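*Asks:* Input start34.pdb, format and content: PDB, C-alpha atoms.
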```
ATOM      1  CA  MET P   1     -21.765   6.228 -15.368
ATOM      2  CA  PRO P   2     -23.467   9.583 -14.691
ATOM      3  CA  VAL P   3     -21.187  12.603 -14.405
ATOM      4  CA  ILE P   4     -21.064  14.389 -11.047
ATOM      5  CA  THR P   5     -19.600  17.739 -10.032
ATOM      6  CA  LEU P   6     -17.666  18.373  -6.851
ATOM      7  CA  THR P   7     -15.244  20.921  -5.437
ATOM      8  CA  ILE P   8     -11.705  19.850  -4.631
ATOM      9  CA  ASP P   9      -9.212  22.379  -3.248
ATOM     10  CA  ASN P  10     -11.508  25.257  -4.281
ATOM     11  CA  GLU P  11     -11.741  24.010  -7.874
ATOM     12  CA  LEU P  12     -14.955  22.807  -9.473
ATOM     13  CA  ILE P  13     -14.225  19.492 -11.153
ATOM     14  CA  SER P  14     -16.161  16.582 -12.618
ATOM     15  CA  GLY P  15     -16.091  12.893 -11.891
ATOM     16  CA  ARG P  16     -18.192   9.794 -12.420
ATOM     17  CA  GLU P  17     -20.724   8.405 -10.012
ATOM     18  CA  GLY P  18     -19.340   5.267  -8.404
ATOM     19  CA  GLU P  19     -15.708   6.376  -8.492
ATOM     20  CA  THR P  20     -13.767   6.862  -5.295
ATOM     21  CA  LEU P  21     -12.515  10.277  -4.263
ATOM     22  CA  LEU P  22      -8.952   9.074  -4.831
ATOM     23  CA  THR P  23      -9.721   8.157  -8.442
ATOM     24  CA  VAL P  24     -11.277  11.555  -9.142
ATOM     25  CA  ILE P  25      -8.433  13.358  -7.386
ATOM     26  CA  LYS P  26      -5.746  11.455  -9.327
ATOM     27  CA  GLU P  27      -7.592  11.935 -12.628
ATOM     28  CA  HIS P  28      -7.245  15.692 -12.125
ATOM     29  CA  GLY P  29      -3.515  15.556 -11.456
ATOM     30  CA  ILE P  30      -3.688  16.106  -7.703
ATOM     31  CA  SER P  31      -1.066  14.133  -5.801
ATOM     32  CA  LEU P  32      -1.945  12.242  -2.623
ATOM     33  CA  PRO P  33       0.405   9.938  -0.696
ATOM     34  CA  THR P  34      -0.642   6.276  -0.584
ATOM     35  CA  LEU P  35       0.943   3.006   0.516
ATOM     36  CA  CYS P  36      -1.828   0.390   0.667
ATOM     37  CA  HIS P  37      -3.455   1.582  -2.597
ATOM     38  CA  MET P  38      -2.455   0.055  -5.931
ATOM     39  CA  GLU P  39      -4.240   0.342  -9.260
ATOM     40  CA  GLY P  40      -5.872  -2.969 -10.169
ATOM     41  CA  LEU P  41      -6.382  -4.141  -6.589
ATOM     42  CA  SER P  42      -9.350  -3.690  -4.281
ATOM     43  CA  GLU P  43      -9.091  -0.851  -1.782
ATOM     44  CA  ARG P  44      -8.278  -1.492   1.868
ATOM     45  CA  GLY P  45      -8.045   1.991   3.379
ATOM     46  CA  GLY P  46      -5.397   0.762   5.791
ATOM     47  CA  CYS P  47      -2.509   3.223   5.640
ATOM     48  CA  ARG P  48      -4.796   6.273   5.865
ATOM     49  CA  LEU P  49      -2.222   8.499   4.134
ATOM     50  CA  CYS P  50      -4.756   9.579   1.503
ATOM     51  CA  ILE P  51      -7.053  11.158   4.109
ATOM     52  CA  VAL P  52      -8.923  14.281   3.001
ATOM     53  CA  GLU P  53     -11.258  16.732   4.671
ATOM     54  CA  VAL P  54     -14.857  16.570   3.442
ATOM     55  CA  GLU P  55     -17.277  19.326   4.309
ATOM     56  CA  GLY P  56     -19.908  17.974   6.698
ATOM     57  CA  SER P  57     -17.642  15.282   8.156
ATOM     58  CA  SER P  58     -16.111  15.857  11.585
ATOM     59  CA  ARG P  59     -13.128  13.648  10.816
ATOM     60  CA  PRO P  60     -10.801  13.138   7.839
ATOM     61  CA  LEU P  61     -11.835  10.373   5.449
ATOM     62  CA  PRO P  62      -9.644   8.018   3.377
ATOM     63  CA  ALA P  63     -10.023   9.084  -0.250
ATOM     64  CA  CYS P  64      -9.442   5.527  -1.517
ATOM     65  CA  THR P  65     -12.595   4.116   0.104
ATOM     66  CA  THR P  66     -14.844   7.198   0.107
ATOM     67  CA  PRO P  67     -17.287   7.361  -2.839
ATOM     68  CA  ALA P  68     -17.350  10.622  -4.766
ATOM     69  CA  ARG P  69     -20.773  12.254  -4.537
ATOM     70  CA  GLU P  70     -22.469  15.170  -6.242
ATOM     71  CA  GLY P  71     -21.749  18.500  -4.562
ATOM     72  CA  MET P  72     -18.962  17.300  -2.243
ATOM     73  CA  VAL P  73     -16.490  19.913  -1.021
ATOM     74  CA  VAL P  74     -13.081  18.346  -0.431
ATOM     75  CA  ARG P  75      -9.694  19.588   0.787
ATOM     76  CA  THR P  76      -6.600  17.491   0.133
ATOM     77  CA  ARG P  77      -4.128  19.862   1.818
ATOM     78  CA  SER P  78      -4.265  21.556   5.204
ATOM     79  CA  GLU P  79      -2.036  21.844   8.257
ATOM     80  CA  ARG P  80      -4.275  19.346  10.051
ATOM     81  CA  LEU P  81      -3.959  16.767   7.262
ATOM     82  CA  GLU P  82      -0.197  17.191   6.964
ATOM     83  CA  ASN P  83       0.199  16.684  10.715
ATOM     84  CA  TYR P  84      -1.921  13.539  10.591
ATOM     85  CA  ARG P  85       0.051  12.134   7.658
ATOM     86  CA  ARG P  86       3.402  12.812   9.318
ATOM     87  CA  MET P  87       2.143  11.110  12.480
ATOM     88  CA  LEU P  88       1.012   8.052  10.507
ATOM     89  CA  VAL P  89       4.375   7.698   8.767
ATOM     90  CA  GLU P  90       6.226   8.088  12.057
ATOM     91  CA  LEU P  91       4.057   5.415  13.675
ATOM     92  CA  MET P  92       4.792   3.020  10.807
ATOM     93  CA  LEU P  93       8.514   3.612  11.236
ATOM     94  CA  ALA P  94       8.274   3.091  15.011
ATOM     95  CA  GLU P  95       6.166  -0.080  14.853
ATOM     96  CA  ARG P  96       8.691  -2.382  13.132
ATOM     97  CA  ASN P  97      12.458  -2.303  12.482
ATOM     98  CA  HIS P  98      13.051  -0.166   9.386
ATOM     99  CA  TYR P  99      16.838   0.123   9.124
ATOM    100  CA  CYS P 100      17.160   1.653   5.681
ATOM    101  CA  ALA P 101      20.964   1.506   5.514
ATOM    102  CA  VAL P 102      20.947  -2.301   5.489
ATOM    103  CA  CYS P 103      17.755  -2.844   3.473
ATOM    104  CA  VAL P 104      17.905  -4.251  -0.057
ATOM    105  CA  SER P 105      15.152  -1.808  -1.089
ATOM    106  CA  ILE P 106      16.980   1.347  -0.007
ATOM    107  CA  GLY P 107      16.332   4.047  -2.597
ATOM    108  CA  HIS P 108      13.408   2.071  -4.056
ATOM    109  CA  CYS P 109      11.160   1.890  -0.978
ATOM    110  CA  GLU P 110       7.790   3.639  -1.089
ATOM    111  CA  LEU P 111       7.726   4.170   2.681
ATOM    112  CA  GLN P 112      11.158   5.780   2.491
ATOM    113  CA  ARG P 113      10.026   8.002  -0.398
ATOM    114  CA  VAL P 114       6.829   9.119   1.344
ATOM    115  CA  ALA P 115       8.748   9.878   4.544
ATOM    116  CA  ALA P 116      11.251  11.979   2.608
ATOM    117  CA  GLU P 117       8.510  13.865   0.758
ATOM    118  CA  MET P 118       6.871  14.724   4.081
ATOM    119  CA  GLY P 119      10.133  15.798   5.668
ATOM    120  CA  VAL P 120      10.047  13.043   8.287
ATOM    121  CA  ASP P 121      13.670  13.087   9.441
ATOM    122  CA  HIS P 122      13.004  11.834  12.980
ATOM    123  CA  VAL P 123      10.345   9.902  14.895
ATOM    124  CA  ARG P 124       8.716  11.419  17.956
ATOM    125  CA  TYR P 125       7.393   8.114  19.284
ATOM    126  CA  GLU P 126       9.086   5.330  21.167
ATOM    127  CA  TYR P 127      10.309   2.558  18.889
ATOM    128  CA  LEU P 128       8.662  -0.766  19.669
ATOM    129  CA  SER P 129      11.709  -2.697  18.373
ATOM    130  CA  PRO P 130       9.885  -6.060  18.202
ATOM    131  CA  LYS P 131      11.945  -9.230  17.850
ATOM    132  CA  LEU P 132      10.695 -10.389  14.461
ATOM    133  CA  THR P 133      11.843 -13.233  12.267
ATOM    134  CA  MET P 134      12.480 -13.725   8.560
ATOM    135  CA  ASP P 135      11.211 -16.536   6.353
ATOM    136  CA  LEU P 136      13.985 -17.500   3.943
ATOM    137  CA  SER P 137      12.667 -20.983   3.278
ATOM    138  CA  HIS P 138      11.455 -20.238  -0.268
ATOM    139  CA  GLU P 139      13.948 -21.082  -3.003
ATOM    140  CA  ARG P 140      13.674 -17.697  -4.744
ATOM    141  CA  PHE P 141      12.100 -15.175  -2.366
ATOM    142  CA  GLY P 142      12.359 -13.983   1.212
ATOM    143  CA  LEU P 143       9.976 -12.427   3.734
ATOM    144  CA  ASP P 144      11.259  -9.996   6.369
ATOM    145  CA  HIS P 145       8.578  -9.205   8.952
ATOM    146  CA  ASN P 146      10.715  -6.355  10.280
ATOM    147  CA  ARG P 147       9.983  -4.263   7.180
ATOM    148  CA  CYS P 148       6.320  -5.181   6.651
ATOM    149  CA  ILE P 149       3.785  -2.334   7.011
ATOM    150  CA  LEU P 150       0.728  -4.628   6.679
ATOM    151  CA  CYS P 151      -0.547  -2.868   3.571
ATOM    152  CA  THR P 152      -1.922  -6.278   2.388
ATOM    153  CA  ARG P 153      -0.965  -5.640  -1.224
ATOM    154  CA  CYS P 154       0.604  -9.111  -1.276
ATOM    155  CA  VAL P 155      -2.582 -10.669   0.147
ATOM    156  CA  ARG P 156      -4.785  -8.920  -2.397
ATOM    157  CA  VAL P 157      -2.632  -9.543  -5.473
ATOM    158  CA  CYS P 158      -2.310 -13.228  -4.561
ATOM    159  CA  ASP P 159      -6.054 -13.550  -4.042
ATOM    160  CA  GLU P 160      -7.468 -11.251  -6.717
ATOM    161  CA  ILE P 161      -4.911 -11.557  -9.533
ATOM    162  CA  GLU P 162      -3.088 -14.884  -9.100
ATOM    163  CA  GLY P 163      -6.193 -16.485  -7.574
ATOM    164  CA  VAL P 164      -4.478 -18.762  -5.034
ATOM    165  CA  HIS P 165      -4.697 -16.809  -1.730
ATOM    166  CA  THR P 166      -1.395 -18.015  -0.306
ATOM    167  CA  TRP P 167      -1.020 -14.962   1.949
ATOM    168  CA  ASP P 168      -3.171 -13.833   4.839
ATOM    169  CA  ILE P 169      -2.845 -11.935   8.118
ATOM    170  CA  SER P 170      -2.579 -13.621  11.502
ATOM    171  CA  GLY P 171      -2.935 -11.875  14.855
ATOM    172  CA  ARG P 172      -4.313  -8.482  15.794
ATOM    173  CA  GLY P 173      -2.864  -5.026  16.352
ATOM    174  CA  VAL P 174       0.910  -4.915  16.783
ATOM    175  CA  LYS P 175       0.981  -8.730  16.777
ATOM    176  CA  SER P 176      -0.344  -8.920  13.198
ATOM    177  CA  ARG P 177       1.857 -10.847  10.773
ATOM    178  CA  ILE P 178       1.687 -11.877   7.130
ATOM    179  CA  ILE P 179       1.509 -15.676   6.947
ATOM    180  CA  ALA P 180       1.495 -18.277   4.185
ATOM    181  CA  ASP P 181      -1.055 -21.115   4.166
ATOM    182  CA  LEU P 182      -2.190 -21.017   7.804
ATOM    183  CA  ASN P 183       1.288 -20.149   9.087
ATOM    184  CA  ARG P 184       3.472 -22.648   7.249
ATOM    185  CA  PRO P 185       7.031 -21.908   6.145
ATOM    186  CA  TRP P 186       6.817 -20.368   2.677
ATOM    187  CA  ARG P 187       8.593 -23.332   1.086
ATOM    188  CA  ASP P 188       5.898 -25.680   2.405
ATOM    189  CA  SER P 189       3.026 -23.726   0.865
ATOM    190  CA  GLY P 190       0.756 -25.932  -1.171
ATOM    191  CA  THR P 191      -0.783 -22.973  -2.997
ATOM    192  CA  CYS P 192       2.129 -20.655  -3.895
ATOM    193  CA  THR P 193       2.906 -20.641  -7.626
ATOM    194  CA  SER P 194       6.213 -18.748  -7.171
ATOM    195  CA  CYS P 195       4.919 -16.105  -9.602
ATOM    196  CA  GLY P 196       6.589 -13.255  -7.708
ATOM    197  CA  LYS P 197       3.646 -10.873  -7.968
ATOM    198  CA  CYS P 198       3.614 -10.364  -4.201
ATOM    199  CA  VAL P 199       7.275  -9.337  -4.317
ATOM    200  CA  GLN P 200       6.649  -6.835  -7.091
ATOM    201  CA  VAL P 201       3.736  -5.094  -5.355
ATOM    202  CA  CYS P 202       5.353  -4.926  -1.894
ATOM    203  CA  PRO P 203       6.090  -1.225  -1.187
ATOM    204  CA  THR P 204       9.030  -1.934   1.151
ATOM    205  CA  GLY P 205      11.786  -4.524   1.528
ATOM    206  CA  ALA P 206       9.492  -6.968   3.334
ATOM    207  CA  LEU P 207       9.224  -9.239   0.285
ATOM    208  CA  PHE P 208      12.358  -9.514  -1.812
ATOM    209  CA  LEU P 209      14.265 -11.595  -4.335
ATOM    210  CA  LYS P 210      16.894 -13.651  -2.543
ATOM    211  CA  GLY P 211      20.458 -12.819  -3.555
ATOM    212  CA  ALA P 212      19.494  -9.498  -5.144
ATOM    213  CA  VAL P 213      21.643  -6.468  -4.439
ATOM    214  CA  VAL P 214      20.258  -2.943  -4.042
ATOM    215  CA  GLY P 215      20.515  -2.087  -7.736
ATOM    216  CA  GLU P 216      18.692  -5.276  -8.717
ATOM    217  CA  MET P 217      15.834  -5.034  -6.190
ATOM    218  CA  VAL P 218      13.940  -2.433  -8.229
ATOM    219  CA  LYS P 219      10.279  -3.334  -8.380
ATOM    220  CA  ASP P 220       8.206  -2.807 -11.511
ATOM    221  CA  PRO P 221       5.187  -0.552 -10.796
ATOM    222  CA  THR P 222       3.722  -1.315 -14.236
ATOM    223  CA  MET P 223       3.680  -5.100 -13.737
ATOM    224  CA  LEU P 224       0.131  -5.313 -12.430
ATOM    225  CA  ALA P 225      -1.283  -3.030 -15.135
ATOM    226  CA  ARG P 226       0.398  -5.127 -17.834
ATOM    227  CA  VAL P 227      -0.982  -8.363 -16.370
ATOM    228  CA  LEU P 228      -4.517  -6.957 -16.292
ATOM    229  CA  GLU P 229      -4.187  -5.504 -19.801
ATOM    230  CA  GLY P 230      -3.010  -8.863 -21.125
ATOM    231  CA  ARG P 231      -5.954 -10.649 -19.531
ATOM    232  CA  GLU P 232      -8.455  -8.165 -20.930
ATOM    233  CA  LYS P 233      -6.946  -8.545 -24.398
ATOM    234  CA  LYS P 234      -7.101 -12.339 -24.160
ATOM    235  CA  GLU P 235     -10.747 -12.226 -23.048
ATOM    236  CA  TRP P 236     -11.615  -9.824 -25.883
ATOM    237  CA  GLU P 237      -9.883 -11.960 -28.501
ATOM    238  CA  GLY P 238     -11.499 -15.098 -27.074
TER     239      GLY P 238
END
```
What does this structure look like when you write it as structure tokens?
*Replies:*
Amino acid sequence: MPVITLTIDNELISGREGETLLTVIKEHGISLPTLCHMEGLSERGGCRLCIVEVEGSSRPLPACTTPAREGMVVRTRSERLENYRRMLVELMLAERNHYCAVCVSIGHCELQRVAAEMGVDHVRYEYLSPKLTMDLSHERFGLDHNRCILCTRCVRVCDEIEGVHTWDISGRGVKSRIIADLNRPWRDSGTCTSCGKCVQVCPTGALFLKGAVVGEMVKDPTMLARVLEGREKKEWEG
């Protein structure tokens, strides 16, 4: 791919045409918060935490879905961006029921980590406190809608990597829910292979291994990369 040159945080850097801004930014060691993004999956641009300011645009743009272009001038840090990101994290915390003290993913939750890094120690918005259920019908895994942030990592890994598309989203807005096979109990899914990939990519405690204690519910961030590497090696050898 042709090499392009752009300015990020007052530094002239290079990238490749066709890459997203997030890819170029990460390649140059610049840290941006993300929750819906995961290497190896398609981009959704849902959490909006990776927003950046691009010269010529009146509004911040998500770096994960914005193509890098020749001559772009980008800022990844500003008071405006930090305020937006804090607001987004606070809204996520207010939308569902994130009680960290009784969550199996406490200490290993990406939402918790991002909130701590941003100094979010309180929420300025009214908690919605929805009455949400759990699906514990699967023999090995559980789904807690209270902790879901609708990042769709589970949907995408099931569709794009496992190739069965067990998960999807039902409803709109605050009524959106992750569902299995047109809203069946998880145990009744005719497509689920019980591979556990959805559990591993979930950034919160929404998808978890049943019976696991806090120390055991540590998810493996390298799992997806290893799966893709193994497939590429098999295709090359074949």
*Asks:* Please, what distance in Å, to one decimal, runs between CA of Ala212 in chain P and CA of Thr191 in chain P?
*Replies:*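 CA of Thr191 in chain P lies 24.4 Å from CA of Ala212 in chain P.
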*Asks:* Just the residues within 10 Å of Gly196 in chain P, please, counting only C-alpha atoms, with nothing from its chain fewer than 5 positions along; format it as a ChimeraX atom specification.
*Replies:* /P:140-141,154,158,162,201,207-209
*Asks:* Got a sec: who's within 12 Å of Val157 in chain P, counting only C-alpha atoms, leaving out chain neighbours fewer than 3 positions off, as a short mmCIF file (atom, residue, chain, number, x, y, z; two decimals) with C-alpha atoms, in the frame of the given file?
*Replies:*
```cif
data_model
loop_
_atom_site.label_atom_id
_atom_site.label_comp_id
_atom_site.auth_asym_id
_atom_site.auth_seq_id
_atom_site.Cartn_x
_atom_site.Cartn_y
_atom_site.Cartn_z
CA CYS P 36 -1.83 0.39 0.67
CA HIS P 37 -3.46 1.58 -2.60
CA MET P 38 -2.46 0.06 -5.93
CA GLU P 39 -4.24 0.34 -9.26
CA GLY P 40 -5.87 -2.97 -10.17
CA LEU P 41 -6.38 -4.14 -6.59
CA SER P 42 -9.35 -3.69 -4.28
CA GLU P 43 -9.09 -0.85 -1.78
CA CYS P 151 -0.55 -2.87 3.57
CA THR P 152 -1.92 -6.28 2.39
CA ARG P 153 -0.96 -5.64 -1.22
CA CYS P 154 0.60 -9.11 -1.28
CA GLU P 160 -7.47 -11.25 -6.72
CA ILE P 161 -4.91 -11.56 -9.53
CA GLU P 162 -3.09 -14.88 -9.10
CA GLY P 163 -6.19 -16.48 -7.57
CA VAL P 164 -4.48 -18.76 -5.03
CA HIS P 165 -4.70 -16.81 -1.73
CA THR P 166 -1.40 -18.02 -0.31
CA TRP P 167 -1.02 -14.96 1.95
CA ASP P 168 -3.17 -13.83 4.84
CA CYS P 195 4.92 -16.10 -9.60
CA GLY P 196 6.59 -13.26 -7.71
CA LYS P 197 3.65 -10.87 -7.97
CA CYS P 198 3.61 -10.36 -4.20
CA VAL P 199 7.28 -9.34 -4.32
CA GLN P 200 6.65 -6.84 -7.09
CA VAL P 201 3.74 -5.09 -5.36
CA CYS P 202 5.35 -4.93 -1.89
CA MET P 223 3.68 -5.10 -13.74
CA LEU P 224 0.13 -5.31 -12.43
CA ALA P 225 -1.28 -3.03 -15.14
CA VAL P 227 -0.98 -8.36 -16.37
CA LEU P 228 -4.52 -6.96 -16.29
#
```
*Asks:* For the structure provided, state which residues fall under the PyMOL selection byres ((chain P and resi 77) around 12), and present them as a CSV table (one decimal) with C-alpha atoms, in the coordinates of the input.
*Replies:*
```
chain,number,residue,atom,x,y,z
P,8,ILE,CA,-11.7,19.8,-4.6
P,9,ASP,CA,-9.2,22.4,-3.2
P,10,ASN,CA,-11.5,25.3,-4.3
P,30,ILE,CA,-3.7,16.1,-7.7
P,31,SER,CA,-1.1,14.1,-5.8
P,32,LEU,CA,-1.9,12.2,-2.6
P,33,PRO,CA,0.4,9.9,-0.7
P,49,LEU,CA,-2.2,8.5,4.1
P,50,CYS,CA,-4.8,9.6,1.5
P,51,ILE,CA,-7.1,11.2,4.1
P,52,VAL,CA,-8.9,14.3,3.0
P,53,GLU,CA,-11.3,16.7,4.7
P,54,VAL,CA,-14.9,16.6,3.4
P,60,PRO,CA,-10.8,13.1,7.8
P,74,VAL,CA,-13.1,18.3,-0.4
P,75,ARG,CA,-9.7,19.6,0.8
P,76,THR,CA,-6.6,17.5,0.1
P,78,SER,CA,-4.3,21.6,5.2
P,79,GLU,CA,-2.0,21.8,8.3
P,80,ARG,CA,-4.3,19.3,10.1
P,81,LEU,CA,-4.0,16.8,7.3
P,82,GLU,CA,-0.2,17.2,7.0
P,83,ASN,CA,0.2,16.7,10.7
P,84,TYR,CA,-1.9,13.5,10.6
P,85,ARG,CA,0.1,12.1,7.7
```
*Asks:* So which residues get picked by the PyMOL selection byres ((chain P and resi 117) around 12) here, written as a VMD selection string?
*Replies:* chain P and resid 31 to 34 82 85 to 86 89 110 to 116 118 to 121
*Asks:* Residues picked by the PyMOL selection byres ((chain P and resi 92) around 12) here, as a ChimeraX atom specification?
*Replies:* /P:35,46-49,85-91,93-98,111-112,114-115,120,123-129,146-151,174,204
*Asks:* Write out as a PDB file with C-alpha atoms, in the frame of the given file each polymer residue whose atoms come within 8 Å of Arg69 in chain P, counting all atoms listed in the file; drop sequence neighbours fewer than 2 positions from it.
*Replies:*
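New file selection.pdb:
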```pdb
ATOM      1  CA  ILE P   4     -21.064  14.389 -11.047  1.00  0.00           C
ATOM      2  CA  THR P   5     -19.600  17.739 -10.032  1.00  0.00           C
ATOM      3  CA  LEU P   6     -17.666  18.373  -6.851  1.00  0.00           C
ATOM      4  CA  GLU P  17     -20.724   8.405 -10.012  1.00  0.00           C
ATOM      5  CA  PRO P  67     -17.287   7.361  -2.839  1.00  0.00           C
ATOM      6  CA  GLY P  71     -21.749  18.500  -4.562  1.00  0.00           C
ATOM      7  CA  MET P  72     -18.962  17.300  -2.243  1.00  0.00           C
TER       8      MET P  72
END
```
*Asks:* Write out as a ChimeraX atom specification which residues come within 8 Å of Arg187 in chain P when counting all atoms listed in the file, dropping same-chain ones fewer than 4 positions away.
*Replies:* /P:137-139
*Asks:* Please indicate the distance in Å from CA of Ala68 in chain P to CA of Arg16 in chain P, rounded to one decimal place.
*Replies:*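 Spanning CA of Ala68 in chain P to CA of Arg16 in chain P is a straight-line distance of 7.7 Å.
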*Asks:* Provide the CA of Leu132 in chain P to CA of Met217 in chain P distance in Å, to one decimal place.
*Replies:*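 For CA of Leu132 in chain P relative to CA of Met217 in chain P, the distance reads 21.9 Å.
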*Asks:* Residues near Ser105 in chain P, anyone? I mean within 9 Å using all atoms listed in the file, not counting same-chain ones fewer than 3 positions away, as an MDAnalysis selection string.
*Replies:* chainID P and resid 100 102 108:109 204:206 208 213:215 217:219
*Asks:* Output C-alpha atoms for every residue in the selection just made, as an mmCIF file, in the frame of the given file.
*Replies:*
```cif
data_model
loop_
_atom_site.group_PDB
_atom_site.id
_atom_site.type_symbol
_atom_site.label_atom_id
_atom_site.label_comp_id
_atom_site.auth_asym_id
_atom_site.auth_seq_id
_atom_site.Cartn_x
_atom_site.Cartn_y
_atom_site.Cartn_z
ATOM 1 C CA CYS P 100 17.160 1.653 5.681
ATOM 2 C CA VAL P 102 20.947 -2.301 5.489
ATOM 3 C CA HIS P 108 13.408 2.071 -4.056
ATOM 4 C CA CYS P 109 11.160 1.890 -0.978
ATOM 5 C CA THR P 204 9.030 -1.934 1.151
ATOM 6 C CA GLY P 205 11.786 -4.524 1.528
ATOM 7 C CA ALA P 206 9.492 -6.968 3.334
ATOM 8 C CA PHE P 208 12.358 -9.514 -1.812
ATOM 9 C CA VAL P 213 21.643 -6.468 -4.439
ATOM 10 C CA VAL P 214 20.258 -2.943 -4.042
ATOM 11 C CA GLY P 215 20.515 -2.087 -7.736
ATOM 12 C CA MET P 217 15.834 -5.034 -6.190
ATOM 13 C CA VAL P 218 13.940 -2.433 -8.229
ATOM 14 C CA LYS P 219 10.279 -3.334 -8.380
#
```
*Asks:* I need the residue nearest Glu55 in chain P from this list: P:Arg226, P:Gly15, P:Thr7, P:Asn183. Use all atoms listed in the file for the distance.
*Replies:*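 Of P:Arg226, P:Gly15, P:Thr7, P:Asn183, the one nearest Glu55 in chain P, counting all atoms listed in the file, is P:Thr7.
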*Asks:* For range 123-129 of chain P of the block above, can you save all heavy atoms as a short mmCIF file (atom, residue, chain, number, x, y, z; two decimals), in the first residue's frame?
*Replies:*
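Result written to out_3.cif:
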```cif
data_model
loop_
_atom_site.label_atom_id
_atom_site.label_comp_id
_atom_site.auth_asym_id
_atom_site.auth_seq_id
_atom_site.Cartn_x
_atom_site.Cartn_y
_atom_site.Cartn_z
N VAL P 123 -20.36 9.40 38.91
CA VAL P 123 -21.16 9.57 37.70
C VAL P 123 -22.11 10.74 37.91
O VAL P 123 -22.85 10.78 38.89
CB VAL P 123 -21.94 8.28 37.38
CG1 VAL P 123 -22.89 8.49 36.22
CG2 VAL P 123 -20.97 7.14 37.06
N ARG P 124 -22.09 11.67 36.97
CA ARG P 124 -22.90 12.88 37.10
C ARG P 124 -24.32 12.70 36.60
O ARG P 124 -25.15 13.60 36.76
CB ARG P 124 -22.25 14.02 36.31
CG ARG P 124 -20.90 14.46 36.85
CD ARG P 124 -20.18 15.33 35.84
NE ARG P 124 -19.74 14.55 34.69
CZ ARG P 124 -19.16 15.08 33.61
NH1 ARG P 124 -18.98 16.40 33.54
NH2 ARG P 124 -18.77 14.31 32.61
N TYR P 125 -24.62 11.55 36.02
CA TYR P 125 -25.93 11.34 35.40
C TYR P 125 -26.77 10.39 36.25
O TYR P 125 -26.26 9.58 37.02
CB TYR P 125 -25.76 10.80 33.99
CG TYR P 125 -24.81 11.64 33.17
CD1 TYR P 125 -23.50 11.22 32.94
CD2 TYR P 125 -25.20 12.88 32.67
CE1 TYR P 125 -22.61 12.00 32.22
CE2 TYR P 125 -24.33 13.66 31.95
CZ TYR P 125 -23.03 13.23 31.73
OH TYR P 125 -22.16 14.02 31.02
N GLU P 126 -28.05 10.48 36.06
CA GLU P 126 -28.97 9.62 36.82
C GLU P 126 -28.84 8.18 36.33
O GLU P 126 -28.88 7.90 35.14
CB GLU P 126 -30.41 10.10 36.62
CG GLU P 126 -31.43 9.31 37.40
CD GLU P 126 -32.84 9.82 37.19
OE1 GLU P 126 -33.00 10.87 36.52
OE2 GLU P 126 -33.77 9.17 37.70
N TYR P 127 -28.70 7.27 37.28
CA TYR P 127 -28.60 5.85 36.92
C TYR P 127 -29.97 5.36 36.43
O TYR P 127 -30.99 5.62 37.06
CB TYR P 127 -28.16 5.02 38.13
CG TYR P 127 -26.70 5.16 38.47
CD1 TYR P 127 -26.26 6.13 39.37
CD2 TYR P 127 -25.75 4.32 37.89
CE1 TYR P 127 -24.92 6.27 39.69
CE2 TYR P 127 -24.41 4.44 38.20
CZ TYR P 127 -23.99 5.42 39.10
OH TYR P 127 -22.66 5.55 39.41
N LEU P 128 -29.96 4.63 35.32
CA LEU P 128 -31.21 4.10 34.80
C LEU P 128 -31.70 2.91 35.62
O LEU P 128 -32.91 2.65 35.70
CB LEU P 128 -31.05 3.69 33.33
CG LEU P 128 -30.69 4.83 32.36
CD1 LEU P 128 -30.65 4.29 30.94
CD2 LEU P 128 -31.68 5.97 32.46
N SER P 129 -30.77 2.15 36.18
CA SER P 129 -31.08 0.99 37.03
C SER P 129 -32.15 0.08 36.42
O SER P 129 -33.18 -0.21 37.04
CB SER P 129 -31.54 1.45 38.42
OG SER P 129 -30.54 2.23 39.04
#
```
